[in-house]
Each structure stands twice: as structure tokens, then as C-alpha cells.
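Visitor: Here you go, one structure.
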Amino acid sequence: MAGDLLIKGGRLWAGAGLDWPRGVVEIKAGRVSWAGAEADYPWAEPPVEVLDAQGGLVFPGLVNAHTHGAMTLFRGLADDMTLENWLTGHIFPAEAKWVNPEMVELCTLLAAGEMLLSGTTTVCDGYFCMKAAAGAYARAGMRAVVAQGVVDFPAPGVPNPARKMDVCRDFLEDCCGVHALVKPGLFAHSCYTCGPTTLRAVSEMAQAYGVPWFTHLAETSQEVREVRGRYGRPPALHLEQLGVLEGLTAVVHGVWLTPGEMDLLAGRGVAVVSCEESNMKLGSGTADLPALIRRGITVGLGTDGPASNNDLSMIGELGATSRMTKLDAMDPTAMPAAKTLELATLGSARAMGLTGLVGRLQPGYAGDVVVLQPKAPHLTPMFDPASALVNACRAADVRHVVVEGEIVVRDRRVLTFDLKAVMAEVRALAEKVRRG
Ligand SMILES: [Zn+2]
């Protein structure tokens, strides 16, 4: 049987140790069916469609393991302040006023367009009104885990906090098995916005439905002080003592984890998603990624929301993670390019419960592929694709994007929805936000 799509004519970096100067990726029924050197490809039957990379680098779609997509509306609304002031003084009030299902669908579409155009094909999005976000990612043709947000105070779509777990149940019932590319999950915001009863309820519901769940953890020193003051123990130990650490899929940030807490996460098989650009912007500190990796903890990378980054480019995140880790360790060997890329592909996939599906271009993996423009001066020459992606590449170098074997971006144009119209609508809505 011929392939549905054949990507040829480019340099293929299909994963660590899978690098061909001229490679071919064949996709059948959404999955990679063949990947390797063009000279070895058995040209038995012509494929249905051929995408010529014209010398550009071909690599697996990047995996953004943590964001809040609909916050594109609040990009640049409030910058240069502490996390606590930013959240309670600006973001929570703006969310209470402006977030609703229509806004989430619109602003998540903008996020999806931005991510696809910067080479991200899979995302983990934790926010509110997530049925609308699931619809947006499905429309964009982007792979996603959408996790319904949970906090103990009134939130968008959850005016009565006493009903928050009913909202979660309705969301899971509505979204399980509905969209081929979009899976549901739960997102307990943090230990300081979710009490013990809430954290236990989220853990139990995630287990009952067999879905992943996530939480921000040990992001700032202030958070650790607050959790210690309230419960007498640091955040990861707090989760362990509540009995919820074991079923937790991933914690986000992990900047202020103690060595003992890292051992605890390693023992419980909990992943850590690092969001280095957001940490830098909020001045939160730097996660000790080498220490996490040494313990065998899965580390993934995420952008965090567009209001604390302020973009959704995983290509930017690659460079920031590698450089910040080296700077923090004062050691240029602390985060090599190939390792950084592994975190943003296989590591992020594991941290979202998508092991074996995304992050590599090998037979059986999803046909999620990115093709870069071939002739950028800053990508010339290219001795090592991993080095080029981490140290020199820019989001705007992305030319074509394929998800599940479907071309969703061609020549930097999103094909699945009208991104220009979405941007115009978001600008109009932002004008209302500006006027207050
Ligand atoms: Zn976040």
C-alpha cells in the first residue's frame, strides 16, 4: 500500500541517533510507516502526496508540555511584577471578567496557530472552559491534552466552587473519546489555590477516568514559604502526605524542590515540566534540571502561558533551557543541545502520558513532522541539527507542519482555520480589555 504522505528532499533528524543528510518520512493512516535515508527508500508505489522539503531540516514536532492557551488574550497585559502580584492583582481579576467558553475557543485558536507556526504539534493545556479549548485544538488539527483547571475560589465556568468537581466530571464525560487528537485531563492549579480535599478529589477523579493530572509545584520561594506556613511541610512532601503524589502525572516548574522532594518524585514516578522562559520573566529561579535527570525523573519542557513568557515558541524554550541550565551550573556541558531536544520531544511526551506516540519519527510513532525553511543564513552551515535547533533556530524558520499525516501548515500558512480572522477578533476583544 502506498503512503498517504511522503516527506522527502530534506535533512532528516528523526530523533537521537537517527540523522540522515537526505531522508524520507512516509506516513500511512496518521502513523510513520517508514523513515530513513532517501537512497534506501523502496519506491514501490507512488505515495498519495509528496511534500518536498527542498533541503530544509525535517524533524519531529515539538511537544509543549505546559501552557494556558487562552491566555493569549492577556499577553503583555501585566509584566515586570512578582508572580503573586501578577496573579492576584491582574490575572485572576481579568480572568473573572473576560474568560468564557467563546473567549477560550477564540484565544485557544490563536494559541494553536502560534504554536503550529513555531513547530509545536502537541500541547498540554490547563485552563478553564476546556470543552471550548478541546474544540479549538480539534479544529486547528493540533494534538492536545486539555486539562480542566481547578481552584478553590470562583473561576471562569465554575461560579460556585462547591460544584467544581461536578464541572470536571461533566468535562471528562463530554470530552473522553470525542476528538481523535484531543485527550482530556485535570489540572489542579497549585497547593496554594487548592486545599487538601480538592487535591484528593482531583487525584481520585483522574484515577477513576484514567486521565492524566497536573499541578504547578514549587514555582517560587514565596509559594514554598506559604505551603510550609500552612501545612508545615514543603509542597511535594505535602502532596505525598495527602496520598496524591503517586497518581500525579507531572508537576510544573519544580524550581524550589529540595533534594529530598526530588527523591520523592523519582520514587513516585512523577515527571517535572520546566518552563524556563516563564521562570526567567517572573524571576522565580531556575529548576535544577541536571539534578532531576540524575535521579531518573522524566523532565519535559513547556512555555507556560503567553501572559508569563510572552510567546508560545518551543524553539525559543529550547535555547532558553539550554543556556539557563548552563549559566546556573556555570558549566557549558550541563545541558547539551541533543539532551535539550530530547526533553522537548520524548521527555514532554512522557510528562503528558503520550509515551511511544510522539517525539520521534520512527515506524509506529505519530506522523507529526516539522520542516524548516532551507536557506536561512543563521542555519548555514548545519553540522549538527540538534545544535541548529537549540542554538540558532527561530520560530519563523518553520515552513511546513504535519500532524497525524495531515499538512496543517504549508509555506507558513495555517490551512485548518482562518488565523487572520482569529487575530482580528482577538485584537478587538483586547481593545475591550484595555478599556476595562
Ligand atoms: Zn502554568
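Residues are referred to by chain and number: the chain letter is A, B, ... according to the order shown in the C-alpha cells, the number counts from 1 in that chain, and ligands are numbered separately from 1 in the order shown.
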Near Ser274 of chain A, within 9 Å and counting only C-alpha atoms, which residues show up once chain neighbours fewer than 5 positions away are dropped, as a VMD selection string?
Guide: chain A and resid 65 to 66 251 to 255 279 286 to 287 289 299 to 304 321
Visitor: Could you write out the selected residues, including N, CA and C atoms, as a PDB file, in the first residue's frame?
Guide:
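As written to disk, again28.pdb reads:
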```
ATOM      1  N   ALA A  65       4.712  20.827  26.908  1.00  0.00           N
ATOM      2  CA  ALA A  65       4.085  20.049  27.984  1.00  0.00           C
ATOM      3  C   ALA A  65       3.352  20.899  29.019  1.00  0.00           C
ATOM      4  N   HIS A  66       3.335  22.225  28.832  1.00  0.00           N
ATOM      5  CA  HIS A  66       2.537  23.043  29.769  1.00  0.00           C
ATOM      6  C   HIS A  66       2.271  24.440  29.226  1.00  0.00           C
ATOM      7  N   VAL A 251       4.424  17.483  37.677  1.00  0.00           N
ATOM      8  CA  VAL A 251       4.356  18.787  38.327  1.00  0.00           C
ATOM      9  C   VAL A 251       5.039  19.796  37.406  1.00  0.00           C
ATOM     10  N   VAL A 252       4.547  21.033  37.458  1.00  0.00           N
ATOM     11  CA  VAL A 252       5.069  22.073  36.569  1.00  0.00           C
ATOM     12  C   VAL A 252       5.943  23.031  37.372  1.00  0.00           C
ATOM     13  N   HIS A 253       7.109  23.329  36.894  1.00  0.00           N
ATOM     14  CA  HIS A 253       8.127  24.247  37.437  1.00  0.00           C
ATOM     15  C   HIS A 253       9.173  23.498  38.275  1.00  0.00           C
ATOM     16  N   GLY A 254       8.842  23.114  39.523  1.00  0.00           N
ATOM     17  CA  GLY A 254       9.821  22.376  40.330  1.00  0.00           C
ATOM     18  C   GLY A 254      11.105  23.138  40.580  1.00  0.00           C
ATOM     19  N   VAL A 255      10.996  24.484  40.625  1.00  0.00           N
ATOM     20  CA  VAL A 255      12.192  25.321  40.794  1.00  0.00           C
ATOM     21  C   VAL A 255      12.800  25.151  42.192  1.00  0.00           C
ATOM     22  N   ASN A 279       9.918  31.227  34.091  1.00  0.00           N
ATOM     23  CA  ASN A 279      10.676  31.378  35.345  1.00  0.00           C
ATOM     24  C   ASN A 279      11.593  32.591  35.293  1.00  0.00           C
ATOM     25  N   THR A 286      15.593  28.990  38.875  1.00  0.00           N
ATOM     26  CA  THR A 286      15.839  28.026  37.802  1.00  0.00           C
ATOM     27  C   THR A 286      15.715  26.608  38.333  1.00  0.00           C
ATOM     28  N   ALA A 287      14.973  25.785  37.645  1.00  0.00           N
ATOM     29  CA  ALA A 287      14.884  24.380  38.063  1.00  0.00           C
ATOM     30  C   ALA A 287      16.246  23.718  37.867  1.00  0.00           C
ATOM     31  N   LEU A 289      17.654  21.115  36.534  1.00  0.00           N
ATOM     32  CA  LEU A 289      17.342  20.004  35.632  1.00  0.00           C
ATOM     33  C   LEU A 289      18.378  18.876  35.704  1.00  0.00           C
ATOM     34  N   VAL A 299      11.872  14.640  32.593  1.00  0.00           N
ATOM     35  CA  VAL A 299      11.777  16.100  32.502  1.00  0.00           C
ATOM     36  C   VAL A 299      11.236  16.470  31.127  1.00  0.00           C
ATOM     37  N   GLY A 300      10.171  17.256  31.107  1.00  0.00           N
ATOM     38  CA  GLY A 300       9.637  17.790  29.867  1.00  0.00           C
ATOM     39  C   GLY A 300       9.755  19.304  29.887  1.00  0.00           C
ATOM     40  N   LEU A 301       9.512  19.930  28.747  1.00  0.00           N
ATOM     41  CA  LEU A 301       9.594  21.387  28.666  1.00  0.00           C
ATOM     42  C   LEU A 301       8.258  21.982  28.229  1.00  0.00           C
ATOM     43  N   GLY A 302       7.965  23.159  28.757  1.00  0.00           N
ATOM     44  CA  GLY A 302       6.748  23.857  28.365  1.00  0.00           C
ATOM     45  C   GLY A 302       7.003  25.352  28.310  1.00  0.00           C
ATOM     46  N   THR A 303       6.122  26.063  27.642  1.00  0.00           N
ATOM     47  CA  THR A 303       6.271  27.520  27.556  1.00  0.00           C
ATOM     48  C   THR A 303       5.630  28.224  28.742  1.00  0.00           C
ATOM     49  N   ASP A 304       4.688  27.541  29.417  1.00  0.00           N
ATOM     50  CA  ASP A 304       3.739  28.173  30.337  1.00  0.00           C
ATOM     51  C   ASP A 304       2.885  29.140  29.516  1.00  0.00           C
ATOM     52  N   THR A 321      16.271  27.085  27.784  1.00  0.00           N
ATOM     53  CA  THR A 321      16.517  25.993  28.738  1.00  0.00           C
ATOM     54  C   THR A 321      17.991  25.598  28.741  1.00  0.00           C
TER      55      THR A 321
END
```
Visitor: Using DSSP secondary structure from the backbone, list all alpha helix (DSSP H) positions within segment 11-153 of chain A, as a PyMOL selection string.
Guide: chain A and resi 83-85+92-98+101-117+130-140
Visitor: For atom CA of Ala138 of chain A and atom CA of Glu114 of chain A, determine how far apart the two atoms are, in Å to one decimal place.
Guide: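 We find that atom CA of Ala138 of chain A and atom CA of Glu114 of chain A lie 15.1 Å from each other.
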Visitor: Tell me, which residues of segment 34-187 of chain A carry DSSP strand (DSSP E), written as JSON, numbers by chain?
Guide: {"A": [34, 35, 36, 37, 49, 50, 51, 52, 57, 58, 59, 60, 62, 63, 64, 65, 66, 67, 120, 121, 122, 123, 124, 125, 126, 127, 143, 144, 145, 146, 147, 148, 149, 150, 182, 183, 184, 185, 186, 187]}
Visitor: Write out as number ranges by chain each polymer residue (protein, DNA or RNA) that has an atom no more than 12 Å from ligand 1, with only C-alpha atoms and all ligand atoms counted.
Guide: A: 64-71, 83, 87, 124-127, 147, 149, 187-190, 214-219, 251-254, 273-279, 282, 301-309
Visitor: Considering only C-alpha atoms, return as a ChimeraX atom specification whatever protein or nucleic-acid residues lie within 12 Å of Leu372 of chain A, sequence-local ones (same chain, fewer than 6 positions apart) excluded.
Guide: /A:9-13,52-61,117-119,315,379,385,388-389,393-402,409-412
Visitor: Would you mind telling me which residue in A:Trp20, A:Tyr192, A:Trp98, A:Trp86 lies nearest to Asp384 of chain A when using only C-alpha atoms?
Guide: A:Trp20
Visitor: Using only C-alpha atoms, find the one residue out of A:Ala334, A:Arg31, A:Thr416, A:Leu265 that sits nearest to Gly356 of chain A.
Guide: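 Closest residue, counting only C-alpha atoms: A:Arg31.
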Visitor: Between A:Ser33, A:Thr340, A:Thr220, A:Thr249, which residue has the minimum interatomic distance to Gln207 of chain A, considering only C-alpha atoms?
Guide: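 Once distances to Gln207 of chain A are computed over only C-alpha atoms, the minimum belongs to A:Thr249.
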Visitor: Applying 7 Å and only C-alpha atoms, which residues near segment 417-424 of chain A remain after dropping the ones on its own chain fewer than 4 positions away? List them as a list of chain:residue names.
Guide: A:Leu106, A:Leu110, A:Gly113, A:Ala140, A:Ala428
Visitor: Using only C-alpha atoms, find each residue in segment 91-202 of chain A having at least one atom no more than 10 Å away from segment 74-77 of chain A; report its shortest atom-to-atom pair and that distance in Å (one decimal), rows by chain then rising number, as a tab-separated table.
Guide:
```
residue	atom	partner	partner_atom	distance
A:Ile91	CA	A:Phe74	CA	7.8
A:Ala94	CA	A:Phe74	CA	8.1
A:Glu95	CA	A:Phe74	CA	8.8
A:Trp98	CA	A:Phe74	CA	9.8
A:Cys107	CA	A:Phe74	CA	9.6
```
Visitor: Smallest atom-to-atom distance to Gly405 of chain A: which of A:Leu312, A:Pro42, A:Ala366, A:Ala320, using only C-alpha atoms?
Guide: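 Under the stated criterion, the closest residue is A:Ala366.
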